[in-house]
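Structure file input37.txt; described as compact mmCIF, N, CA and C atoms.
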```txt
# COMPACT_ATOMS: atom_id res chain seq x y z
N MET A 1 0.82 -1.20 0.00
CA MET A 1 0.00 0.00 0.00
C MET A 1 0.87 1.27 0.00
N LYS A 2 2.00 1.21 0.76
CA LYS A 2 2.90 2.36 0.79
C LYS A 2 3.47 2.63 -0.59
N ASN A 3 3.80 1.56 -1.32
CA ASN A 3 4.34 1.72 -2.67
C ASN A 3 3.32 2.37 -3.59
N LEU A 4 2.06 2.03 -3.43
CA LEU A 4 1.01 2.62 -4.26
C LEU A 4 0.94 4.12 -4.04
N TYR A 5 1.00 4.57 -2.78
CA TYR A 5 0.98 6.00 -2.48
C TYR A 5 2.22 6.69 -3.07
N TYR A 6 3.36 6.02 -2.97
CA TYR A 6 4.59 6.57 -3.52
C TYR A 6 4.47 6.77 -5.03
N TYR A 7 3.99 5.76 -5.75
CA TYR A 7 3.86 5.84 -7.21
C TYR A 7 2.80 6.86 -7.62
N LEU A 8 1.69 6.90 -6.90
CA LEU A 8 0.66 7.89 -7.20
C LEU A 8 1.16 9.31 -6.97
N SER A 9 1.91 9.49 -5.89
CA SER A 9 2.48 10.82 -5.60
C SER A 9 3.46 11.24 -6.69
N ALA A 10 4.31 10.31 -7.12
CA ALA A 10 5.28 10.61 -8.17
C ALA A 10 4.56 10.91 -9.49
N LEU A 11 3.53 10.15 -9.80
CA LEU A 11 2.76 10.38 -11.02
C LEU A 11 2.07 11.75 -10.97
N PHE A 12 1.47 12.07 -9.85
CA PHE A 12 0.80 13.37 -9.68
C PHE A 12 1.80 14.51 -9.85
N LEU A 13 2.97 14.37 -9.24
CA LEU A 13 4.00 15.40 -9.35
C LEU A 13 4.46 15.57 -10.80
N ALA A 14 4.68 14.48 -11.50
CA ALA A 14 5.10 14.54 -12.90
C ALA A 14 4.04 15.22 -13.77
N VAL A 15 2.78 14.85 -13.59
CA VAL A 15 1.69 15.46 -14.36
C VAL A 15 1.59 16.95 -14.03
N PHE A 16 1.72 17.30 -12.77
CA PHE A 16 1.65 18.69 -12.34
C PHE A 16 2.77 19.52 -12.98
N LEU A 17 4.00 19.00 -12.95
CA LEU A 17 5.13 19.73 -13.52
C LEU A 17 4.99 19.91 -15.02
N VAL A 18 4.54 18.90 -15.72
CA VAL A 18 4.35 19.00 -17.17
C VAL A 18 3.24 20.00 -17.48
N ALA A 19 2.16 19.96 -16.74
CA ALA A 19 1.02 20.85 -16.98
C ALA A 19 1.38 22.31 -16.71
N CYS A 20 2.25 22.55 -15.74
CA CYS A 20 2.61 23.92 -15.38
C CYS A 20 3.68 24.51 -16.28
N LYS A 21 4.31 23.72 -17.09
CA LYS A 21 5.38 24.21 -17.94
C LYS A 21 4.82 24.77 -19.24
N THR A 22 4.38 26.03 -19.19
CA THR A 22 3.89 26.73 -20.38
C THR A 22 4.88 27.84 -20.69
N PRO A 23 5.68 27.71 -21.71
CA PRO A 23 6.71 28.71 -21.99
C PRO A 23 6.12 30.05 -22.39
N ALA A 24 6.63 31.12 -21.77
CA ALA A 24 6.19 32.48 -22.10
C ALA A 24 6.92 33.01 -23.32
N VAL A 25 8.12 32.53 -23.54
CA VAL A 25 8.90 32.94 -24.70
C VAL A 25 9.44 31.72 -25.41
N GLN A 26 9.78 31.90 -26.65
CA GLN A 26 10.33 30.80 -27.43
C GLN A 26 11.75 30.54 -26.96
N LYS A 27 12.08 29.27 -26.73
CA LYS A 27 13.41 28.92 -26.26
C LYS A 27 14.40 28.67 -27.39
N SER A 28 13.92 28.35 -28.57
CA SER A 28 14.85 27.99 -29.63
C SER A 28 14.76 28.95 -30.81
N ALA A 29 14.28 30.14 -30.58
CA ALA A 29 14.15 31.11 -31.68
C ALA A 29 15.52 31.52 -32.17
N ASP A 30 15.73 31.44 -33.46
CA ASP A 30 16.99 31.85 -34.06
C ASP A 30 16.92 33.33 -34.39
N ILE A 31 17.74 34.11 -33.72
CA ILE A 31 17.72 35.57 -33.92
C ILE A 31 18.77 36.01 -34.93
N THR A 32 19.57 35.07 -35.43
CA THR A 32 20.63 35.43 -36.38
C THR A 32 20.09 35.53 -37.80
N GLY A 33 20.80 36.29 -38.63
CA GLY A 33 20.43 36.42 -40.02
C GLY A 33 19.20 37.28 -40.26
N LYS A 34 18.74 37.98 -39.25
CA LYS A 34 17.55 38.84 -39.36
C LYS A 34 17.94 40.25 -38.95
N THR A 35 17.24 41.23 -39.51
CA THR A 35 17.49 42.62 -39.14
C THR A 35 16.48 43.01 -38.07
N TRP A 36 17.02 43.49 -36.94
CA TRP A 36 16.20 43.87 -35.78
C TRP A 36 16.19 45.39 -35.63
N LYS A 37 15.00 45.98 -35.68
CA LYS A 37 14.82 47.44 -35.61
C LYS A 37 14.48 47.84 -34.17
N LEU A 38 15.19 48.82 -33.65
CA LEU A 38 14.98 49.32 -32.29
C LEU A 38 13.64 50.03 -32.17
N VAL A 39 12.86 49.68 -31.12
CA VAL A 39 11.60 50.37 -30.87
C VAL A 39 11.51 50.94 -29.46
N GLU A 40 12.29 50.39 -28.52
CA GLU A 40 12.28 50.88 -27.13
C GLU A 40 13.67 50.83 -26.53
N LEU A 41 13.94 51.81 -25.67
CA LEU A 41 15.16 51.83 -24.86
C LEU A 41 14.77 52.03 -23.41
N ASN A 42 15.24 51.17 -22.54
CA ASN A 42 14.94 51.27 -21.11
C ASN A 42 13.44 51.41 -20.83
N GLY A 43 12.64 50.67 -21.56
CA GLY A 43 11.19 50.65 -21.34
C GLY A 43 10.43 51.80 -21.96
N GLN A 44 11.10 52.69 -22.67
CA GLN A 44 10.45 53.86 -23.26
C GLN A 44 10.54 53.78 -24.78
N PRO A 45 9.44 54.07 -25.49
CA PRO A 45 9.50 54.10 -26.97
C PRO A 45 10.52 55.15 -27.42
N ILE A 46 11.25 54.83 -28.47
CA ILE A 46 12.24 55.80 -28.94
C ILE A 46 11.53 56.94 -29.68
N GLN A 47 12.04 58.13 -29.53
CA GLN A 47 11.52 59.33 -30.17
C GLN A 47 12.62 59.89 -31.06
N LEU A 48 12.55 59.59 -32.34
CA LEU A 48 13.59 60.02 -33.27
C LEU A 48 13.24 61.35 -33.92
N LYS A 49 14.21 62.23 -34.04
CA LYS A 49 14.02 63.47 -34.78
C LYS A 49 14.04 63.20 -36.27
N ASN A 50 14.76 62.15 -36.66
CA ASN A 50 14.85 61.76 -38.06
C ASN A 50 14.47 60.28 -38.16
N PRO A 51 13.17 59.97 -38.30
CA PRO A 51 12.69 58.58 -38.25
C PRO A 51 13.26 57.65 -39.32
N LYS A 52 13.77 58.19 -40.43
CA LYS A 52 14.30 57.29 -41.45
C LYS A 52 15.66 56.72 -41.06
N ASN A 53 16.26 57.21 -39.98
CA ASN A 53 17.53 56.70 -39.48
C ASN A 53 17.32 55.80 -38.26
N ASN A 54 16.31 54.94 -38.30
CA ASN A 54 16.00 54.08 -37.17
C ASN A 54 17.15 53.10 -36.89
N PRO A 55 17.63 53.07 -35.64
CA PRO A 55 18.70 52.14 -35.30
C PRO A 55 18.27 50.68 -35.51
N HIS A 56 19.22 49.87 -35.95
CA HIS A 56 18.96 48.45 -36.19
C HIS A 56 20.28 47.69 -36.18
N PHE A 57 20.18 46.36 -36.07
CA PHE A 57 21.38 45.53 -36.17
C PHE A 57 21.01 44.16 -36.72
N LYS A 58 22.04 43.44 -37.13
CA LYS A 58 21.89 42.09 -37.68
C LYS A 58 23.05 41.24 -37.19
N LEU A 59 22.76 40.00 -36.81
CA LEU A 59 23.78 39.06 -36.35
C LEU A 59 24.11 38.08 -37.47
N ASP A 60 25.39 37.95 -37.77
CA ASP A 60 25.84 37.04 -38.81
C ASP A 60 26.71 35.97 -38.16
N THR A 61 26.27 34.71 -38.20
CA THR A 61 27.03 33.63 -37.58
C THR A 61 28.30 33.30 -38.36
N ASN A 62 28.38 33.74 -39.60
CA ASN A 62 29.59 33.55 -40.39
C ASN A 62 30.61 34.57 -39.90
N GLY A 63 31.51 34.17 -39.04
CA GLY A 63 32.47 35.10 -38.45
C GLY A 63 32.00 35.64 -37.11
N MET A 64 30.78 35.30 -36.71
CA MET A 64 30.21 35.76 -35.43
C MET A 64 30.34 37.28 -35.29
N ARG A 65 29.79 37.97 -36.30
CA ARG A 65 29.87 39.42 -36.34
C ARG A 65 28.47 40.04 -36.30
N TYR A 66 28.38 41.21 -35.70
CA TYR A 66 27.16 42.01 -35.77
C TYR A 66 27.46 43.27 -36.54
N GLU A 67 26.45 43.77 -37.22
CA GLU A 67 26.58 45.03 -37.94
C GLU A 67 25.25 45.75 -37.88
N GLY A 68 25.31 47.04 -37.97
CA GLY A 68 24.07 47.79 -37.93
C GLY A 68 24.27 49.27 -38.10
N HIS A 69 23.24 49.97 -37.74
CA HIS A 69 23.19 51.42 -37.86
C HIS A 69 22.65 51.93 -36.53
N ALA A 70 23.39 52.81 -35.87
CA ALA A 70 23.00 53.27 -34.55
C ALA A 70 22.12 54.52 -34.58
N GLY A 71 21.86 55.07 -35.72
CA GLY A 71 21.06 56.28 -35.86
C GLY A 71 21.61 57.14 -36.97
N CYS A 72 22.88 57.48 -36.84
CA CYS A 72 23.55 58.16 -37.96
C CYS A 72 24.92 57.54 -38.23
N ASN A 73 25.40 56.71 -37.32
CA ASN A 73 26.69 56.07 -37.48
C ASN A 73 26.53 54.56 -37.62
N GLY A 74 27.34 53.99 -38.48
CA GLY A 74 27.38 52.55 -38.59
C GLY A 74 28.13 51.96 -37.42
N LEU A 75 27.81 50.73 -37.07
CA LEU A 75 28.53 50.06 -35.99
C LEU A 75 28.67 48.59 -36.32
N GLY A 76 29.63 47.96 -35.69
CA GLY A 76 29.84 46.54 -35.92
C GLY A 76 30.88 46.00 -34.97
N GLY A 77 30.92 44.69 -34.88
CA GLY A 77 31.88 44.03 -34.01
C GLY A 77 31.59 42.54 -33.97
N THR A 78 32.09 41.89 -32.95
CA THR A 78 31.87 40.46 -32.80
C THR A 78 30.89 40.21 -31.66
N PHE A 79 30.30 39.03 -31.68
CA PHE A 79 29.38 38.66 -30.61
C PHE A 79 29.54 37.18 -30.30
N GLU A 80 29.06 36.80 -29.13
CA GLU A 80 29.02 35.41 -28.70
C GLU A 80 27.57 35.12 -28.33
N ILE A 81 27.10 33.93 -28.68
CA ILE A 81 25.71 33.59 -28.39
C ILE A 81 25.61 32.12 -27.96
N LYS A 82 24.74 31.88 -27.01
CA LYS A 82 24.40 30.54 -26.56
C LYS A 82 22.88 30.43 -26.62
N PRO A 83 22.34 30.09 -27.81
CA PRO A 83 20.89 30.12 -27.99
C PRO A 83 20.13 29.15 -27.09
N ASP A 84 20.76 28.05 -26.69
CA ASP A 84 20.06 27.09 -25.85
C ASP A 84 19.73 27.65 -24.47
N ILE A 85 20.53 28.62 -23.99
CA ILE A 85 20.23 29.25 -22.70
C ILE A 85 19.97 30.76 -22.85
N MET A 86 19.84 31.21 -24.10
CA MET A 86 19.47 32.58 -24.44
C MET A 86 20.43 33.62 -23.86
N ARG A 87 21.72 33.33 -23.97
CA ARG A 87 22.76 34.25 -23.52
C ARG A 87 23.41 34.89 -24.74
N ILE A 88 23.80 36.14 -24.60
CA ILE A 88 24.46 36.85 -25.69
C ILE A 88 25.44 37.86 -25.11
N LYS A 89 26.52 38.10 -25.84
CA LYS A 89 27.48 39.11 -25.44
C LYS A 89 27.98 39.81 -26.70
N PHE A 90 27.81 41.11 -26.74
CA PHE A 90 28.33 41.93 -27.83
C PHE A 90 29.68 42.48 -27.38
N ASN A 91 30.70 42.32 -28.21
CA ASN A 91 32.03 42.84 -27.89
C ASN A 91 32.19 44.21 -28.53
N GLN A 92 32.95 45.06 -27.84
CA GLN A 92 33.20 46.41 -28.35
C GLN A 92 33.77 46.29 -29.76
N GLY A 93 33.20 47.02 -30.67
CA GLY A 93 33.63 46.96 -32.06
C GLY A 93 33.99 48.33 -32.57
N MET A 94 33.65 48.56 -33.82
CA MET A 94 33.96 49.86 -34.44
C MET A 94 32.67 50.63 -34.69
N SER A 95 32.85 51.92 -34.85
CA SER A 95 31.72 52.79 -35.17
C SER A 95 32.27 54.01 -35.88
N THR A 96 31.50 54.52 -36.83
CA THR A 96 31.87 55.81 -37.41
C THR A 96 31.57 56.87 -36.35
N MET A 97 31.99 58.09 -36.55
CA MET A 97 31.86 59.10 -35.51
C MET A 97 31.30 60.42 -36.03
N MET A 98 30.22 60.36 -36.77
CA MET A 98 29.59 61.59 -37.25
C MET A 98 28.63 62.12 -36.19
N ALA A 99 28.47 63.42 -36.14
CA ALA A 99 27.51 64.04 -35.24
C ALA A 99 26.14 64.01 -35.91
N CYS A 100 25.09 63.86 -35.11
CA CYS A 100 23.74 63.87 -35.67
C CYS A 100 22.75 64.32 -34.61
N GLU A 101 21.52 64.54 -35.04
CA GLU A 101 20.51 65.05 -34.12
C GLU A 101 19.96 64.00 -33.15
N ASP A 102 20.15 62.71 -33.43
CA ASP A 102 19.67 61.65 -32.54
C ASP A 102 20.83 60.97 -31.81
N LEU A 103 21.88 61.74 -31.50
CA LEU A 103 23.08 61.19 -30.89
C LEU A 103 22.81 60.58 -29.51
N ASP A 104 21.88 61.13 -28.73
CA ASP A 104 21.56 60.59 -27.42
C ASP A 104 20.99 59.17 -27.54
N ILE A 105 20.06 58.97 -28.47
CA ILE A 105 19.49 57.63 -28.69
C ILE A 105 20.57 56.69 -29.20
N GLU A 106 21.42 57.18 -30.07
CA GLU A 106 22.52 56.36 -30.59
C GLU A 106 23.42 55.88 -29.46
N ASN A 107 23.78 56.77 -28.54
CA ASN A 107 24.63 56.39 -27.42
C ASN A 107 23.95 55.38 -26.50
N GLN A 108 22.66 55.57 -26.24
CA GLN A 108 21.91 54.62 -25.41
C GLN A 108 21.80 53.26 -26.08
N PHE A 109 21.59 53.26 -27.40
CA PHE A 109 21.49 52.01 -28.17
C PHE A 109 22.80 51.23 -28.08
N THR A 110 23.92 51.91 -28.31
CA THR A 110 25.23 51.26 -28.24
C THR A 110 25.50 50.74 -26.84
N LYS A 111 25.16 51.52 -25.83
CA LYS A 111 25.35 51.09 -24.44
C LYS A 111 24.50 49.86 -24.13
N ALA A 112 23.27 49.82 -24.61
CA ALA A 112 22.39 48.66 -24.38
C ALA A 112 22.98 47.40 -25.01
N LEU A 113 23.49 47.50 -26.24
CA LEU A 113 24.11 46.35 -26.89
C LEU A 113 25.27 45.81 -26.05
N LEU A 114 26.15 46.70 -25.63
CA LEU A 114 27.35 46.28 -24.92
C LEU A 114 27.06 45.82 -23.49
N SER A 115 25.93 46.22 -22.92
CA SER A 115 25.57 45.82 -21.56
C SER A 115 24.80 44.51 -21.51
N ALA A 116 24.14 44.16 -22.59
CA ALA A 116 23.26 42.98 -22.60
C ALA A 116 24.04 41.69 -22.34
N ASP A 117 23.42 40.79 -21.56
CA ASP A 117 24.02 39.48 -21.36
C ASP A 117 23.04 38.34 -21.64
N ASN A 118 21.78 38.68 -21.91
CA ASN A 118 20.80 37.66 -22.28
C ASN A 118 19.72 38.29 -23.12
N TYR A 119 18.89 37.45 -23.72
CA TYR A 119 17.83 37.95 -24.58
C TYR A 119 16.60 37.06 -24.45
N SER A 120 15.48 37.59 -24.91
CA SER A 120 14.24 36.82 -24.98
C SER A 120 13.55 37.17 -26.29
N VAL A 121 12.78 36.21 -26.78
CA VAL A 121 12.06 36.39 -28.03
C VAL A 121 10.60 36.03 -27.78
N ASN A 122 9.72 36.90 -28.26
CA ASN A 122 8.29 36.65 -28.17
C ASN A 122 7.70 37.03 -29.52
N GLY A 123 7.44 36.04 -30.36
CA GLY A 123 6.95 36.31 -31.71
C GLY A 123 8.01 37.00 -32.52
N ASN A 124 7.71 38.21 -33.02
CA ASN A 124 8.66 38.99 -33.83
C ASN A 124 9.34 40.08 -33.01
N THR A 125 9.37 39.90 -31.68
CA THR A 125 9.97 40.90 -30.80
C THR A 125 11.17 40.29 -30.07
N LEU A 126 12.28 40.99 -30.14
CA LEU A 126 13.51 40.59 -29.46
C LEU A 126 13.77 41.60 -28.34
N THR A 127 14.10 41.10 -27.16
CA THR A 127 14.43 41.97 -26.04
C THR A 127 15.82 41.63 -25.55
N LEU A 128 16.66 42.64 -25.42
CA LEU A 128 17.99 42.47 -24.84
C LEU A 128 17.92 42.88 -23.38
N ASN A 129 18.50 42.05 -22.52
CA ASN A 129 18.40 42.25 -21.08
C ASN A 129 19.77 42.17 -20.42
N LYS A 130 19.83 42.68 -19.20
CA LYS A 130 21.01 42.53 -18.35
C LYS A 130 20.54 41.87 -17.07
N ALA A 131 21.07 40.68 -16.80
CA ALA A 131 20.67 39.90 -15.62
C ALA A 131 19.14 39.74 -15.62
N ARG A 132 18.52 40.02 -14.50
CA ARG A 132 17.05 39.90 -14.42
C ARG A 132 16.39 41.27 -14.29
N MET A 133 17.13 42.29 -14.68
CA MET A 133 16.60 43.65 -14.60
C MET A 133 15.63 43.90 -15.75
N ALA A 134 15.02 45.05 -15.73
CA ALA A 134 14.10 45.44 -16.80
C ALA A 134 14.85 45.42 -18.13
N PRO A 135 14.13 45.21 -19.23
CA PRO A 135 14.79 45.15 -20.54
C PRO A 135 15.57 46.43 -20.86
N LEU A 136 16.74 46.23 -21.47
CA LEU A 136 17.54 47.37 -21.91
C LEU A 136 17.02 47.94 -23.22
N ALA A 137 16.65 47.04 -24.15
CA ALA A 137 16.21 47.47 -25.47
C ALA A 137 15.26 46.43 -26.05
N LYS A 138 14.30 46.93 -26.84
CA LYS A 138 13.34 46.06 -27.49
C LYS A 138 13.38 46.33 -28.99
N PHE A 139 13.32 45.25 -29.77
CA PHE A 139 13.43 45.32 -31.23
C PHE A 139 12.30 44.53 -31.87
N VAL A 140 11.98 44.90 -33.11
CA VAL A 140 11.04 44.13 -33.93
C VAL A 140 11.75 43.78 -35.23
N LEU A 141 11.27 42.71 -35.85
CA LEU A 141 11.84 42.34 -37.15
C LEU A 141 11.58 43.45 -38.15
N GLN A 142 12.57 43.77 -38.93
CA GLN A 142 12.43 44.82 -39.93
C GLN A 142 12.02 44.23 -41.24
```
Represent the structure of the file as structure tokens.
Amino acid sequence: MKNLYYYLSALFLAVFLVACKTPAVQKSADITGKTWKLVELNGQPIQLKNPKNNPHFKLDTNGMRYEGHAGCNGLGGTFEIKPDIMRIKFNQGMSTMMACEDLDIENQFTKALLSADNYSVNGNTLTLNKARMAPLAKFVLQ
């Protein structure tokens, strides 16, 4: 009789754990080879003075390089990614150095890239995060 309670308890626990495991985000979403357009920084929608210069980036697994446009300056460098645990690290790279009217957003965008250590994907939305803090930046597929 004790064994029956043990097996029933184990079965109940297994069913409970499987039923409760509803993923909020996709765990195997491939974010490489796509262009991601910036829509939010630090939880706030971006307000561009020149909307046609929307910041964006793309990850290329060939050479593990990222490239993009920060607003008025191009940027690029190398990155490391562990998609199975949704970890990412952008390494300091190069950037052109022209002055522009959206320089504040450009600086925040670059800082968010270099600070991020993990990411999440929900549909066509990519979020770059640092630890378990609020999202640093949010992007949509371009």
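Selecting by distance to (19.8, 53.3, -33.7) with a limit of 6 Å and using only C-alpha atoms, one obtains Asn54, Pro55, His56, His69, Ala70, Gly71, Glu106 and Phe109 of chain A.
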Legend entry - Contact residues around stretch 86-101 of chain A with all atoms listed in the file at 6 Å, ignoring same-chain residues under 6 positions, as a list in words: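 Counting only the stated atoms, we get Asn73, Gly74, Leu75, Gly76, Gly77, Thr78, Phe79, Glu80, Leu113, Leu114, Ala116, Asp117, Asn118 and Tyr119 of chain A.
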All alpha helix (DSSP H) positions in chain A, as a tab-separated table (two decimals) with N, CA and C atoms, keeping the file's coordinate frame:
```tsv
chain	number	residue	atom	x	y	z
A	2	LYS	N	2.00	1.21	0.76
A	2	LYS	CA	2.90	2.36	0.79
A	2	LYS	C	3.47	2.63	-0.59
A	3	ASN	N	3.80	1.56	-1.32
A	3	ASN	CA	4.34	1.72	-2.67
A	3	ASN	C	3.32	2.37	-3.59
A	4	LEU	N	2.06	2.03	-3.43
A	4	LEU	CA	1.01	2.62	-4.26
A	4	LEU	C	0.94	4.12	-4.04
A	5	TYR	N	1.00	4.57	-2.78
A	5	TYR	CA	0.98	6.00	-2.48
A	5	TYR	C	2.22	6.69	-3.07
A	6	TYR	N	3.36	6.02	-2.97
A	6	TYR	CA	4.59	6.57	-3.52
A	6	TYR	C	4.47	6.77	-5.03
A	7	TYR	N	3.99	5.76	-5.75
A	7	TYR	CA	3.86	5.84	-7.21
A	7	TYR	C	2.80	6.86	-7.62
A	8	LEU	N	1.69	6.90	-6.90
A	8	LEU	CA	0.66	7.89	-7.20
A	8	LEU	C	1.16	9.31	-6.97
A	9	SER	N	1.91	9.49	-5.89
A	9	SER	CA	2.48	10.82	-5.60
A	9	SER	C	3.46	11.24	-6.69
A	10	ALA	N	4.31	10.31	-7.12
A	10	ALA	CA	5.28	10.61	-8.17
A	10	ALA	C	4.56	10.91	-9.49
A	11	LEU	N	3.53	10.15	-9.80
A	11	LEU	CA	2.76	10.38	-11.02
A	11	LEU	C	2.07	11.75	-10.97
A	12	PHE	N	1.47	12.07	-9.85
A	12	PHE	CA	0.80	13.37	-9.68
A	12	PHE	C	1.80	14.51	-9.85
A	13	LEU	N	2.97	14.37	-9.24
A	13	LEU	CA	4.00	15.40	-9.35
A	13	LEU	C	4.46	15.57	-10.80
A	14	ALA	N	4.68	14.48	-11.50
A	14	ALA	CA	5.10	14.54	-12.90
A	14	ALA	C	4.04	15.22	-13.77
A	15	VAL	N	2.78	14.85	-13.59
A	15	VAL	CA	1.69	15.46	-14.36
A	15	VAL	C	1.59	16.95	-14.03
A	16	PHE	N	1.72	17.30	-12.77
A	16	PHE	CA	1.65	18.69	-12.34
A	16	PHE	C	2.77	19.52	-12.98
A	17	LEU	N	4.00	19.00	-12.95
A	17	LEU	CA	5.13	19.73	-13.52
A	17	LEU	C	4.99	19.91	-15.02
A	18	VAL	N	4.54	18.90	-15.72
A	18	VAL	CA	4.35	19.00	-17.17
A	18	VAL	C	3.24	20.00	-17.48
A	19	ALA	N	2.16	19.96	-16.74
A	19	ALA	CA	1.02	20.85	-16.98
A	19	ALA	C	1.38	22.31	-16.71
A	20	CYS	N	2.25	22.55	-15.74
A	20	CYS	CA	2.61	23.92	-15.38
A	20	CYS	C	3.68	24.51	-16.28
A	103	LEU	N	21.88	61.74	-31.50
A	103	LEU	CA	23.08	61.19	-30.89
A	103	LEU	C	22.81	60.58	-29.51
A	104	ASP	N	21.88	61.13	-28.73
A	104	ASP	CA	21.56	60.59	-27.42
A	104	ASP	C	20.99	59.17	-27.54
A	105	ILE	N	20.06	58.97	-28.47
A	105	ILE	CA	19.49	57.63	-28.69
A	105	ILE	C	20.57	56.69	-29.20
A	106	GLU	N	21.42	57.18	-30.07
A	106	GLU	CA	22.52	56.36	-30.59
A	106	GLU	C	23.42	55.88	-29.46
A	107	ASN	N	23.78	56.77	-28.54
A	107	ASN	CA	24.63	56.39	-27.42
A	107	ASN	C	23.95	55.38	-26.50
A	108	GLN	N	22.66	55.57	-26.24
A	108	GLN	CA	21.91	54.62	-25.41
A	108	GLN	C	21.80	53.26	-26.08
A	109	PHE	N	21.59	53.26	-27.40
A	109	PHE	CA	21.49	52.01	-28.17
A	109	PHE	C	22.80	51.23	-28.08
A	110	THR	N	23.92	51.91	-28.31
A	110	THR	CA	25.23	51.26	-28.24
A	110	THR	C	25.50	50.74	-26.84
A	111	LYS	N	25.16	51.52	-25.83
A	111	LYS	CA	25.35	51.09	-24.44
A	111	LYS	C	24.50	49.86	-24.13
A	112	ALA	N	23.27	49.82	-24.61
A	112	ALA	CA	22.39	48.66	-24.38
A	112	ALA	C	22.98	47.40	-25.01
A	113	LEU	N	23.49	47.50	-26.24
A	113	LEU	CA	24.11	46.35	-26.89
A	113	LEU	C	25.27	45.81	-26.05
A	114	LEU	N	26.15	46.70	-25.63
A	114	LEU	CA	27.35	46.28	-24.92
A	114	LEU	C	27.06	45.82	-23.49
A	115	SER	N	25.93	46.22	-22.92
A	115	SER	CA	25.57	45.82	-21.56
A	115	SER	C	24.80	44.51	-21.51
```
Inset, instruction - For A:Glu40, list every protein, DNA or RNA residue within 5 Å, evaluated using only N, CA and C atoms, and leave out those in the same chain fewer than 4 positions away; present the list as an MDAnalysis selection string. - result: chainID A and resid 44:46 137:138
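Among A:Ile31, A:Asn50, A:Gly63, A:Leu41, the residue with the shortest atom-to-atom distance to A:Leu136, counting only C-alpha atoms, is A:Leu41.
Taking atom C of A:Gln142 and atom C of A:Ile105 as endpoints, the distance between them is 19.3 Å.
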Inset, instruction - Per DSSP on the backbone, filter chain A down to the residues in strand (DSSP E or B) and report them as a PyMOL selection string. - result: chain A and resi 35-41+44-45+56-60+65-69+74-82+87-90+94-95+118-122+125-129+137-141
Legend entry - d(atom C of A:Ser115, atom N of A:Phe139) in Å: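 Atom-to-atom, atom C of A:Ser115 to atom N of A:Phe139, that is 14.2 Å.
What separates atom CA of A:Thr61 from atom C of A:Lys111 is a distance of 21.2 Å.
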Legend entry - Nearest residue to A:Asp30 from the set A:Leu103, A:Arg65, A:Lys58, A:Gln108 (distances using only C-alpha atoms): A:Lys58
Would you output stretch 47-77 of chain A from that structure, restricted to C-alpha atoms, as an mmCIF file, in the first residue's frame?
```
data_model
loop_
_atom_site.group_PDB
_atom_site.id
_atom_site.type_symbol
_atom_site.label_atom_id
_atom_site.label_comp_id
_atom_site.auth_asym_id
_atom_site.auth_seq_id
_atom_site.Cartn_x
_atom_site.Cartn_y
_atom_site.Cartn_z
ATOM 1 C CA GLN A 47 11.515 59.332 -30.170
ATOM 2 C CA LEU A 48 13.593 60.023 -33.270
ATOM 3 C CA LYS A 49 14.017 63.467 -34.775
ATOM 4 C CA ASN A 50 14.846 61.758 -38.062
ATOM 5 C CA PRO A 51 12.688 58.582 -38.253
ATOM 6 C CA LYS A 52 14.297 57.286 -41.450
ATOM 7 C CA ASN A 53 17.526 56.698 -39.481
ATOM 8 C CA ASN A 54 15.997 54.081 -37.166
ATOM 9 C CA PRO A 55 18.704 52.135 -35.298
ATOM 10 C CA HIS A 56 18.962 48.453 -36.186
ATOM 11 C CA PHE A 57 21.376 45.532 -36.172
ATOM 12 C CA LYS A 58 21.887 42.094 -37.679
ATOM 13 C CA LEU A 59 23.780 39.058 -36.353
ATOM 14 C CA ASP A 60 25.845 37.036 -38.815
ATOM 15 C CA THR A 61 27.030 33.627 -37.576
ATOM 16 C CA ASN A 62 29.592 33.548 -40.389
ATOM 17 C CA GLY A 63 32.468 35.096 -38.450
ATOM 18 C CA MET A 64 30.210 35.760 -35.429
ATOM 19 C CA ARG A 65 29.872 39.425 -36.342
ATOM 20 C CA TYR A 66 27.157 42.005 -35.774
ATOM 21 C CA GLU A 67 26.584 45.034 -37.941
ATOM 22 C CA GLY A 68 24.066 47.792 -37.929
ATOM 23 C CA HIS A 69 23.194 51.423 -37.860
ATOM 24 C CA ALA A 70 22.996 53.269 -34.548
ATOM 25 C CA GLY A 71 21.057 56.284 -35.858
ATOM 26 C CA CYS A 72 23.555 58.156 -37.960
ATOM 27 C CA ASN A 73 26.689 56.068 -37.480
ATOM 28 C CA GLY A 74 27.378 52.546 -38.594
ATOM 29 C CA LEU A 75 28.527 50.062 -35.988
ATOM 30 C CA GLY A 76 29.844 46.542 -35.919
ATOM 31 C CA GLY A 77 31.875 44.028 -34.006
#
```
